[in-house]
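Chemist: Have a peek at data-v5.pdb (PDB, C-alpha atoms and all ligand atoms).
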```
ATOM      1  CA  MET V   1       0.000   0.000   0.000
ATOM      2  CA  PRO V   2       1.519   3.379  -0.950
ATOM      3  CA  ARG V   3       2.135   5.820   1.843
ATOM      4  CA  ILE V   4      -0.144   8.842   1.727
ATOM      5  CA  ALA V   5       0.989  12.361   2.622
ATOM      6  CA  TYR V   6      -1.024  15.530   3.130
ATOM      7  CA  VAL V   7       0.500  18.344   1.050
ATOM      8  CA  ASN V   8      -1.141  21.763   0.941
ATOM      9  CA  GLY V   9      -4.752  20.662   0.858
ATOM     10  CA  ARG V  10      -4.391  17.296  -0.893
ATOM     11  CA  TYR V  11      -3.800  13.703   0.153
ATOM     12  CA  VAL V  12      -1.252  12.335  -2.297
ATOM     13  CA  PRO V  13       0.920   9.229  -2.664
ATOM     14  CA  GLN V  14       4.091  10.131  -0.812
ATOM     15  CA  ARG V  15       6.428   9.039  -3.589
ATOM     16  CA  SER V  16       4.938  11.636  -5.960
ATOM     17  CA  ALA V  17       4.413  14.363  -3.322
ATOM     18  CA  MET V  18       6.377  17.517  -4.095
ATOM     19  CA  VAL V  19       7.027  21.024  -2.879
ATOM     20  CA  HIS V  20       8.037  24.036  -4.947
ATOM     21  CA  ILE V  21      11.771  24.762  -5.444
ATOM     22  CA  GLU V  22      11.229  28.271  -4.076
ATOM     23  CA  ASP V  23       9.584  27.075  -0.891
ATOM     24  CA  ARG V  24      11.247  29.036   1.919
ATOM     25  CA  GLY V  25      11.656  25.857   3.930
ATOM     26  CA  TYR V  26      13.874  24.506   1.166
ATOM     27  CA  GLN V  27      15.837  27.728   0.612
ATOM     28  CA  PHE V  28      16.148  29.233   4.095
ATOM     29  CA  ALA V  29      15.076  26.500   6.547
ATOM     30  CA  ASP V  30      12.262  29.019   7.161
ATOM     31  CA  GLY V  31       9.896  26.519   8.687
ATOM     32  CA  ILE V  32       8.933  24.654  11.815
ATOM     33  CA  TYR V  33       7.913  21.092  12.538
ATOM     34  CA  GLU V  34       6.438  18.777  15.131
ATOM     35  CA  VAL V  35       6.613  15.041  15.667
ATOM     36  CA  CYS V  36       4.194  13.083  17.776
ATOM     37  CA  VAL V  37       3.356   9.449  18.175
ATOM     38  CA  VAL V  38       0.107   7.546  18.021
ATOM     39  CA  VAL V  39      -0.014   4.381  20.112
ATOM     40  CA  ASN V  40      -2.943   1.999  19.668
ATOM     41  CA  GLY V  41      -4.802   4.726  17.832
ATOM     42  CA  ASP V  42      -4.300   7.384  20.533
ATOM     43  CA  TYR V  43      -2.132  10.461  20.199
ATOM     44  CA  TRP V  44       0.294  10.860  23.074
ATOM     45  CA  ASP V  45       0.792  14.384  24.423
ATOM     46  CA  MET V  46      -0.959  15.854  21.372
ATOM     47  CA  GLU V  47      -2.103  19.048  23.109
ATOM     48  CA  GLY V  48       1.463  19.767  24.214
ATOM     49  CA  HIS V  49       2.824  19.278  20.702
ATOM     50  CA  LEU V  50       0.161  21.520  19.171
ATOM     51  CA  ALA V  51       0.782  24.203  21.801
ATOM     52  CA  ARG V  52       4.516  24.129  21.046
ATOM     53  CA  MET V  53       3.762  24.283  17.327
ATOM     54  CA  GLN V  54       1.728  27.440  17.862
ATOM     55  CA  ARG V  55       4.532  28.901  19.936
ATOM     56  CA  SER V  56       7.133  28.110  17.222
ATOM     57  CA  LEU V  57       4.910  29.781  14.610
ATOM     58  CA  GLY V  58       4.436  32.819  16.854
ATOM     59  CA  GLU V  59       8.167  33.210  17.567
ATOM     60  CA  LEU V  60       8.842  33.273  13.801
ATOM     61  CA  GLN V  61       5.845  35.544  13.042
ATOM     62  CA  MET V  62       4.539  32.828  10.762
ATOM     63  CA  ALA V  63       0.859  32.331   9.986
ATOM     64  CA  ALA V  64      -0.752  29.042  11.010
ATOM     65  CA  PRO V  65      -1.841  27.098   7.913
ATOM     66  CA  MET V  66      -5.177  26.222   9.583
ATOM     67  CA  ASP V  67      -6.638  26.327  13.049
ATOM     68  CA  MET V  68      -5.609  23.630  15.480
ATOM     69  CA  SER V  69      -8.945  21.802  15.441
ATOM     70  CA  ALA V  70      -8.787  21.484  11.634
ATOM     71  CA  LEU V  71      -5.175  20.341  11.951
ATOM     72  CA  LYS V  72      -6.212  17.535  14.315
ATOM     73  CA  VAL V  73      -8.736  16.337  11.716
ATOM     74  CA  VAL V  74      -6.061  16.266   9.003
ATOM     75  CA  MET V  75      -3.589  14.466  11.296
ATOM     76  CA  ALA V  76      -6.185  11.798  12.064
ATOM     77  CA  GLU V  77      -6.990  11.462   8.365
ATOM     78  CA  VAL V  78      -3.324  10.942   7.441
ATOM     79  CA  VAL V  79      -3.040   8.194  10.067
ATOM     80  CA  ARG V  80      -6.315   6.636   8.865
ATOM     81  CA  ARG V  81      -5.352   6.703   5.185
ATOM     82  CA  ASN V  82      -2.051   5.006   6.013
ATOM     83  CA  ARG V  83      -3.950   2.398   8.078
ATOM     84  CA  LEU V  84      -1.663   2.826  11.059
ATOM     85  CA  LYS V  85      -2.416   1.939  14.670
ATOM     86  CA  ASN V  86       1.025   2.882  15.951
ATOM     87  CA  ALA V  87       2.384   5.863  14.057
ATOM     88  CA  LEU V  88       4.947   8.591  14.038
ATOM     89  CA  VAL V  89       3.292  11.718  12.652
ATOM     90  CA  TYR V  90       5.471  14.479  11.160
ATOM     91  CA  MET V  91       4.089  17.955  10.490
ATOM     92  CA  GLN V  92       5.989  20.745   8.819
ATOM     93  CA  VAL V  93       4.922  24.331   8.176
ATOM     94  CA  THR V  94       7.017  26.737   6.114
ATOM     95  CA  ARG V  95       6.539  30.402   5.264
ATOM     96  CA  GLY V  96       5.474  29.307   1.797
ATOM     97  CA  VAL V  97       6.628  29.937  -1.752
ATOM     98  CA  ALA V  98       8.063  33.266  -2.919
ATOM     99  CA  PRO V  99      10.854  34.549  -5.189
ATOM    100  CA  ARG V 100      14.108  34.077  -3.267
ATOM    101  CA  ASN V 101      14.677  37.078  -1.025
ATOM    102  CA  HIS V 102      15.798  36.938   2.607
ATOM    103  CA  GLN V 103      13.078  39.346   3.709
ATOM    104  CA  PHE V 104       9.680  37.818   4.473
ATOM    105  CA  PRO V 105       7.379  37.489   1.445
ATOM    106  CA  ALA V 106       4.309  39.694   0.956
ATOM    107  CA  ALA V 107       1.580  39.412   3.577
ATOM    108  CA  GLY V 108      -0.968  36.864   2.472
ATOM    109  CA  THR V 109       1.620  34.391   1.108
ATOM    110  CA  GLU V 110       0.154  30.999   1.973
ATOM    111  CA  PRO V 111       2.214  28.903   4.391
ATOM    112  CA  SER V 112       3.002  25.365   3.209
ATOM    113  CA  LEU V 113       1.796  22.426   5.297
ATOM    114  CA  VAL V 114       3.000  18.854   4.900
ATOM    115  CA  ILE V 115       1.933  15.958   7.134
ATOM    116  CA  THR V 116       3.290  12.430   6.846
ATOM    117  CA  ALA V 117       2.896   9.322   8.969
ATOM    118  CA  ARG V 118       4.906   6.169   9.240
ATOM    119  CA  ARG V 119       4.734   3.038  11.318
ATOM    120  CA  PHE V 120       6.045   3.351  14.850
ATOM    121  CA  ASP V 121       7.513   0.217  16.371
ATOM    122  CA  PHE V 122       6.495   0.348  20.003
ATOM    123  CA  ASN V 123       8.064  -3.023  20.865
ATOM    124  CA  ALA V 124      11.430  -2.095  19.340
ATOM    125  CA  SER V 125      11.503   0.956  21.600
ATOM    126  CA  ASP V 126      10.925  -1.204  24.686
ATOM    127  CA  ALA V 127      13.591  -3.676  23.564
ATOM    128  CA  LYS V 128      16.065  -0.810  23.161
ATOM    129  CA  ALA V 129      15.171   0.612  26.571
ATOM    130  CA  SER V 130      15.731  -2.726  28.274
ATOM    131  CA  LYS V 131      19.364  -2.645  27.105
ATOM    132  CA  GLY V 132      19.931   1.110  27.272
ATOM    133  CA  ILE V 133      21.871   3.134  24.740
ATOM    134  CA  ALA V 134      25.402   4.431  24.235
ATOM    135  CA  VAL V 135      25.906   8.151  23.563
ATOM    136  CA  ILE V 136      28.899  10.299  22.690
ATOM    137  CA  SER V 137      29.523  14.006  23.338
ATOM    138  CA  GLN V 138      29.678  16.567  20.552
ATOM    139  CA  PRO V 139      30.101  20.349  20.579
ATOM    140  CA  ASP V 140      26.803  22.249  20.561
ATOM    141  CA  ILE V 141      27.327  24.547  17.553
ATOM    142  CA  ARG V 142      23.663  25.524  17.080
ATOM    143  CA  TRP V 143      22.177  29.027  16.904
ATOM    144  CA  GLY V 144      20.812  30.962  19.889
ATOM    145  CA  ARG V 145      17.102  30.113  19.481
ATOM    146  CA  VAL V 146      16.957  26.344  19.551
ATOM    147  CA  ASP V 147      13.863  26.679  21.743
ATOM    148  CA  ILE V 148      12.018  27.174  18.430
ATOM    149  CA  LYS V 149      11.471  23.852  16.665
ATOM    150  CA  THR V 150      12.738  24.936  13.244
ATOM    151  CA  VAL V 151      13.687  22.660  10.381
ATOM    152  CA  GLY V 152      17.211  24.164  10.518
ATOM    153  CA  LEU V 153      18.729  20.967  11.901
ATOM    154  CA  LEU V 154      22.131  20.719  10.203
ATOM    155  CA  PRO V 155      24.183  20.862  13.447
ATOM    156  CA  ASN V 156      21.866  18.224  14.915
ATOM    157  CA  ALA V 157      22.294  16.041  11.829
ATOM    158  CA  LEU V 158      26.108  16.370  12.021
ATOM    159  CA  ALA V 159      26.078  15.382  15.692
ATOM    160  CA  LYS V 160      23.800  12.399  15.061
ATOM    161  CA  GLU V 161      25.979  11.248  12.174
ATOM    162  CA  ALA V 162      29.087  11.453  14.383
ATOM    163  CA  ALA V 163      27.253   9.373  16.995
ATOM    164  CA  ALA V 164      26.251   6.742  14.450
ATOM    165  CA  LYS V 165      29.830   6.542  13.128
ATOM    166  CA  ALA V 166      31.020   5.944  16.705
ATOM    167  CA  GLY V 167      28.448   3.170  17.149
ATOM    168  CA  ALA V 168      26.334   5.301  19.496
ATOM    169  CA  ALA V 169      22.620   6.041  19.379
ATOM    170  CA  GLU V 170      22.675   9.750  20.299
ATOM    171  CA  ALA V 171      24.975  12.706  20.847
ATOM    172  CA  LEU V 172      25.060  14.800  24.008
ATOM    173  CA  LEU V 173      25.548  18.419  22.912
ATOM    174  CA  VAL V 174      28.053  20.322  25.042
ATOM    175  CA  ARG V 175      28.453  24.101  25.223
ATOM    176  CA  ASP V 176      31.070  25.616  27.573
ATOM    177  CA  GLY V 177      31.370  22.268  29.356
ATOM    178  CA  VAL V 178      27.603  22.092  29.967
ATOM    179  CA  VAL V 179      25.351  19.421  28.461
ATOM    180  CA  THR V 180      22.489  21.366  26.903
ATOM    181  CA  GLU V 181      20.504  18.464  25.417
ATOM    182  CA  CYS V 182      20.924  15.809  22.709
ATOM    183  CA  SER V 183      20.699  16.033  18.912
ATOM    184  CA  ALA V 184      17.019  15.047  18.968
ATOM    185  CA  SER V 185      16.113  14.615  22.639
ATOM    186  CA  ASN V 186      16.515  16.161  26.093
ATOM    187  CA  ALA V 187      19.317  14.968  28.383
ATOM    188  CA  TRP V 188      18.993  14.037  32.052
ATOM    189  CA  ILE V 189      21.112  12.633  34.849
ATOM    190  CA  VAL V 190      20.284  11.205  38.246
ATOM    191  CA  ASP V 191      22.332  12.765  41.047
ATOM    192  CA  LYS V 192      23.768  11.027  44.103
ATOM    193  CA  THR V 193      20.604  11.800  46.117
ATOM    194  CA  GLY V 194      18.330  10.170  43.507
ATOM    195  CA  ALA V 195      17.015  13.512  42.200
ATOM    196  CA  ILE V 196      16.743  13.906  38.410
ATOM    197  CA  VAL V 197      18.535  16.819  36.801
ATOM    198  CA  THR V 198      17.978  18.448  33.403
ATOM    199  CA  HIS V 199      18.994  21.724  31.757
ATOM    200  CA  PRO V 200      16.551  24.567  32.516
ATOM    201  CA  LYS V 201      14.113  25.549  29.779
ATOM    202  CA  THR V 202      15.998  28.434  28.162
ATOM    203  CA  ASN V 203      16.742  29.480  24.556
ATOM    204  CA  GLN V 204      19.561  26.899  24.619
ATOM    205  CA  ILE V 205      17.335  23.824  24.576
ATOM    206  CA  LEU V 206      14.142  22.719  22.920
ATOM    207  CA  GLY V 207      11.482  22.539  25.618
ATOM    208  CA  GLY V 208      10.590  18.892  25.054
ATOM    209  CA  ILE V 209       6.974  17.884  25.488
ATOM    210  CA  THR V 210       8.180  14.540  26.836
ATOM    211  CA  ARG V 211      10.475  16.465  29.218
ATOM    212  CA  GLN V 212       7.413  18.318  30.509
ATOM    213  CA  THR V 213       5.381  15.131  30.949
ATOM    214  CA  ALA V 214       8.371  13.353  32.534
ATOM    215  CA  ILE V 215       8.571  16.171  35.120
ATOM    216  CA  ALA V 216       4.894  15.649  35.967
ATOM    217  CA  CYS V 217       5.470  11.881  36.219
ATOM    218  CA  ALA V 218       8.491  12.368  38.492
ATOM    219  CA  GLU V 219       6.423  14.568  40.772
ATOM    220  CA  GLU V 220       3.758  11.863  40.978
ATOM    221  CA  LEU V 221       6.467   9.337  41.861
ATOM    222  CA  GLN V 222       7.901  11.785  44.420
ATOM    223  CA  ILE V 223      11.201  11.921  42.584
ATOM    224  CA  LYS V 224      12.806  15.335  43.044
ATOM    225  CA  VAL V 225      13.319  17.292  39.793
ATOM    226  CA  ILE V 226      16.134  19.841  39.572
ATOM    227  CA  GLU V 227      16.285  22.083  36.506
ATOM    228  CA  ARG V 228      19.890  23.282  36.394
ATOM    229  CA  PRO V 229      22.844  23.024  34.009
ATOM    230  CA  PHE V 230      25.137  20.007  34.506
ATOM    231  CA  THR V 231      28.564  19.360  33.013
ATOM    232  CA  LEU V 232      29.765  16.498  30.857
ATOM    233  CA  GLU V 233      32.063  15.431  33.729
ATOM    234  CA  GLU V 234      29.109  15.321  36.107
ATOM    235  CA  ALA V 235      27.129  13.239  33.609
ATOM    236  CA  LYS V 236      29.977  10.736  33.237
ATOM    237  CA  ALA V 237      30.182  10.337  37.023
ATOM    238  CA  ALA V 238      26.385  10.160  37.541
ATOM    239  CA  PRO V 239      24.763   6.982  38.855
ATOM    240  CA  GLU V 240      22.298   7.129  35.941
ATOM    241  CA  ALA V 241      21.629   9.092  32.775
ATOM    242  CA  PHE V 242      18.736   9.049  30.324
ATOM    243  CA  LEU V 243      17.110  11.036  27.547
ATOM    244  CA  THR V 244      13.538  11.916  26.677
ATOM    245  CA  SER V 245      11.711  12.523  23.400
ATOM    246  CA  ALA V 246       8.329  11.819  21.854
ATOM    247  CA  THR V 247       9.726   8.832  19.973
ATOM    248  CA  SER V 248      12.131   7.489  22.658
ATOM    249  CA  PHE V 249       9.910   8.226  25.700
ATOM    250  CA  VAL V 250      12.377   7.815  28.585
ATOM    251  CA  MET V 251      15.505   6.047  27.265
ATOM    252  CA  PRO V 252      18.252   4.906  29.664
ATOM    253  CA  ILE V 253      21.845   5.822  28.743
ATOM    254  CA  VAL V 254      24.434   3.192  29.706
ATOM    255  CA  SER V 255      27.642   4.780  28.403
ATOM    256  CA  ILE V 256      28.988   8.228  27.496
ATOM    257  CA  ASP V 257      32.066   8.467  25.237
ATOM    258  CA  GLY V 258      32.726   4.782  25.967
ATOM    259  CA  ALA V 259      32.695   5.264  29.756
ATOM    260  CA  ARG V 260      30.173   3.147  31.634
ATOM    261  CA  ILE V 261      27.378   4.956  33.487
ATOM    262  CA  GLY V 262      26.503   3.468  36.862
ATOM    263  CA  ALA V 263      26.447  -0.308  36.547
ATOM    264  CA  GLY V 264      26.481  -0.101  32.730
ATOM    265  CA  LYS V 265      22.842  -1.122  32.513
ATOM    266  CA  PRO V 266      19.554   0.813  32.613
ATOM    267  CA  GLY V 267      19.129   2.420  36.018
ATOM    268  CA  PRO V 268      16.094   1.976  38.295
ATOM    269  CA  VAL V 269      15.059   5.645  38.255
ATOM    270  CA  ALA V 270      15.026   5.830  34.446
ATOM    271  CA  LEU V 271      13.077   2.583  34.169
ATOM    272  CA  ARG V 272      10.480   3.674  36.731
ATOM    273  CA  LEU V 273      10.063   6.970  34.949
ATOM    274  CA  ARG V 274       9.697   5.229  31.589
ATOM    275  CA  GLU V 275       6.879   3.049  32.908
ATOM    276  CA  ALA V 276       5.184   6.046  34.519
ATOM    277  CA  TYR V 277       5.515   8.079  31.304
ATOM    278  CA  LYS V 278       3.967   5.303  29.232
ATOM    279  CA  ALA V 279       1.111   4.846  31.682
ATOM    280  CA  ARG V 280       0.437   8.582  31.835
ATOM    281  CA  ALA V 281       0.696   9.142  28.075
ATOM    282  CA  ALA V 282      -1.668   6.226  27.488
ATOM    283  CA  ARG V 283      -4.200   7.790  29.892
ATOM    284  CA  GLY V 284      -4.086  10.922  27.692
TER     285      GLY V 284
HETATM  286  N1  LIG B 301      15.550  18.397  21.790
HETATM  287  C1  LIG B 301      15.659  18.322  20.443
HETATM  288  C2  LIG B 301      16.792  19.036  19.785
HETATM  289  C3  LIG B 301      14.728  17.591  19.695
HETATM  290  O1  LIG B 301      14.825  17.527  18.356
HETATM  291  C4  LIG B 301      13.696  16.891  20.376
HETATM  292  C5  LIG B 301      12.735  16.022  19.619
HETATM  293  N2  LIG B 301      11.845  16.742  18.874
HETATM  294  C6  LIG B 301      13.622  17.007  21.778
HETATM  295  C7  LIG B 301      14.564  17.766  22.444
HETATM  296  C8  LIG B 301      12.537  16.311  22.552
HETATM  297  O2  LIG B 301      11.296  16.931  22.344
HETATM  298  P1  LIG B 301       9.935  16.107  22.490
HETATM  299  O3  LIG B 301       9.943  15.484  23.822
HETATM  300  O4  LIG B 301       8.873  17.131  22.357
HETATM  301  O5  LIG B 301       9.926  15.109  21.380
END
```
Can you present the structure in this file as structure tokens?
Ligand code: PMP

Modeler:
Amino acid sequence: MPRIAYVNGRYVPQRSAMVHIEDRGYQFADGIYEVCVVVNGDYWDMEGHLARMQRSLGELQMAAPMDMSALKVVMAEVVRRNRLKNALVYMQVTRGVAPRNHQFPAAGTEPSLVITARRFDFNASDAKASKGIAVISQPDIRWGRVDIKTVGLLPNALAKEAAAKAGAAEALLVRDGVVTECSASNAWIVDKTGAIVTHPKTNQILGGITRQTAIACAEELQIKVIERPFTLEEAKAAPEAFLTSATSFVMPIVSIDGARIGAGKPGPVALRLREAYKARAARG
């Protein structure tokens, strides 16, 4: 069955779906995106993802392609047309098509909206979490507004590629000795008291929706949450480390730059939080 994408008002076979060569997303990375997962037909954390999408659009003074209730209908239709029960839904909005010029195009230029969906392997994620993942550190060379979820992801792609070449699953991004986040997820450590620590929500990280839900879960579990910067050295010496994202949920980290974290296997705090996140996300 061919995959179906939504492209500017039409549902089209993905292999023949196209955008214009003067789309500003293509020429300037002048666009934003969101990714959320559907598990057993239910969107996880959908309201959070749509709220962040609206914020990203607002920060870039970009018009929304449709209101959020219409967007939910289109998202559901893309999942339905692809006959998916467990899906990863990708949405991208750009400032639209205009003759190449750095300045914004004329008011009234239609934003472009693309939505795709692909199968999400829930069991593979659990299998990965039961082993934990290796990560490496990479310099954080991104711009100063990574709190906006733009499609300008070249530094993230370079970091992820370096990780893959080193046989690791993710890259911890380090600026001035501090771990900001990962190439496509938020970074956490567990401190010696059992509290969980993550970088504060500033312009230097993407405010993850999973991060936000994980904080709520930790509070329910009476795990102390500390939002403060931590260094790479501190992470390497931590009893546990993990990352969060919509597609990884809570994923234990078992080594950093080849050095074992804790006992070199997924830690109890990360595993408890993962179960709590899944239970909470499933409740909606
Ligand atoms: N940081 C970055 C750089 C990301 O790309 C992502 C994934 N979109 C995250 C953090 C995690 O965000 P979320 O939990 O909303 O998926």

Chemist: Counting all atoms listed in the file, which residues come within 6 Å of (11.7, 9.9, 27.4), with the point read in the file's coordinates, and could you list them as an MDAnalysis selection string?

Modeler: chainID V and resid 210 243:245 248:251

Chemist: Compute the set of protein, DNA and RNA residues whose minimum atom distance to ligand LIG 301 (chain B) is at most 8 Å, using all atoms listed in the file, and state it as a list in words.

Modeler: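 So the residues close to ligand LIG 301 (chain B) are Glu34, Val35, Cys36, His49, Val146, Lys149, Asn156, Glu181, Cys182, Ser183, Ala184, Ser185, Asn186, Ile205, Leu206, Gly207, Gly208, Ile209, Thr210, Arg211, Gln212, Thr244, Ser245, Ala246, Thr247 and Phe249 of chain V.
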
Chemist: Using the chain letters and numbers from the file, which residues does the PyMOL selection byres (((chain V and resi 241) around 9) and not hetatm) grab, as an MDAnalysis selection string?

Modeler: chainID V and resid 187:190 196 235:236 238:240 242:243 251:255 261:262 266:267 270

Chemist: Which value, in Å to one decimal, gives the distance between CA of Gly144 (chain V) and CA of Asn203 (chain V)?

Modeler: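 CA of Asn203 (chain V) lies 6.4 Å from CA of Gly144 (chain V).
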
Chemist: State, in Å with one decimal place, the distance from CA of Ile256 (chain V) to CA of Val174 (chain V).

Modeler: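 A separation of 12.4 Å between them.
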
Chemist: Of the candidates V:Leu158, V:Leu232, V:Ile226, V:Ala259, which shows the shortest atom-to-atom distance to Ala134 (chain V), using all atoms listed in the file?

Modeler: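 Closest to Ala134 (chain V) of all the choices is V:Ala259.
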
Chemist: Which is closer to Gln204 (chain V) than all the others in V:Pro155, V:Ala166, V:Ala127, V:Asp147, using only C-alpha atoms?

Modeler: V:Asp147

Chemist: Which residues fall under the PyMOL selection byres (((chain V and resi 95) around 9) and not hetatm) in this file, as a list in words?

Modeler: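 Taken over the shown coordinates, the PyMOL selection byres (((chain V and resi 95) around 9) and not hetatm) returns Asp23, Arg24, Gly25, Asp30, Gly31, Met62, Ala63, Val93, Thr94, Gly96, Val97, Ala98, Phe104, Pro105, Thr109, Glu110, Pro111 and Ser112 of chain V.
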
Chemist: Rounded to one decimal in Å, what is the spacing between CA of Lys131 (chain V) and CA of Lys265 (chain V)?

Modeler: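 Separation between CA of Lys131 (chain V) and CA of Lys265 (chain V): 6.6 Å.
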
Chemist: Taking the file as shown, what set of residues would the PyMOL selection byres (((chain V and resi 75) around 9) and not hetatm) give back, as an MDAnalysis selection string?

Modeler: chainID V and resid 6 70:74 76:80 89 91 115:117
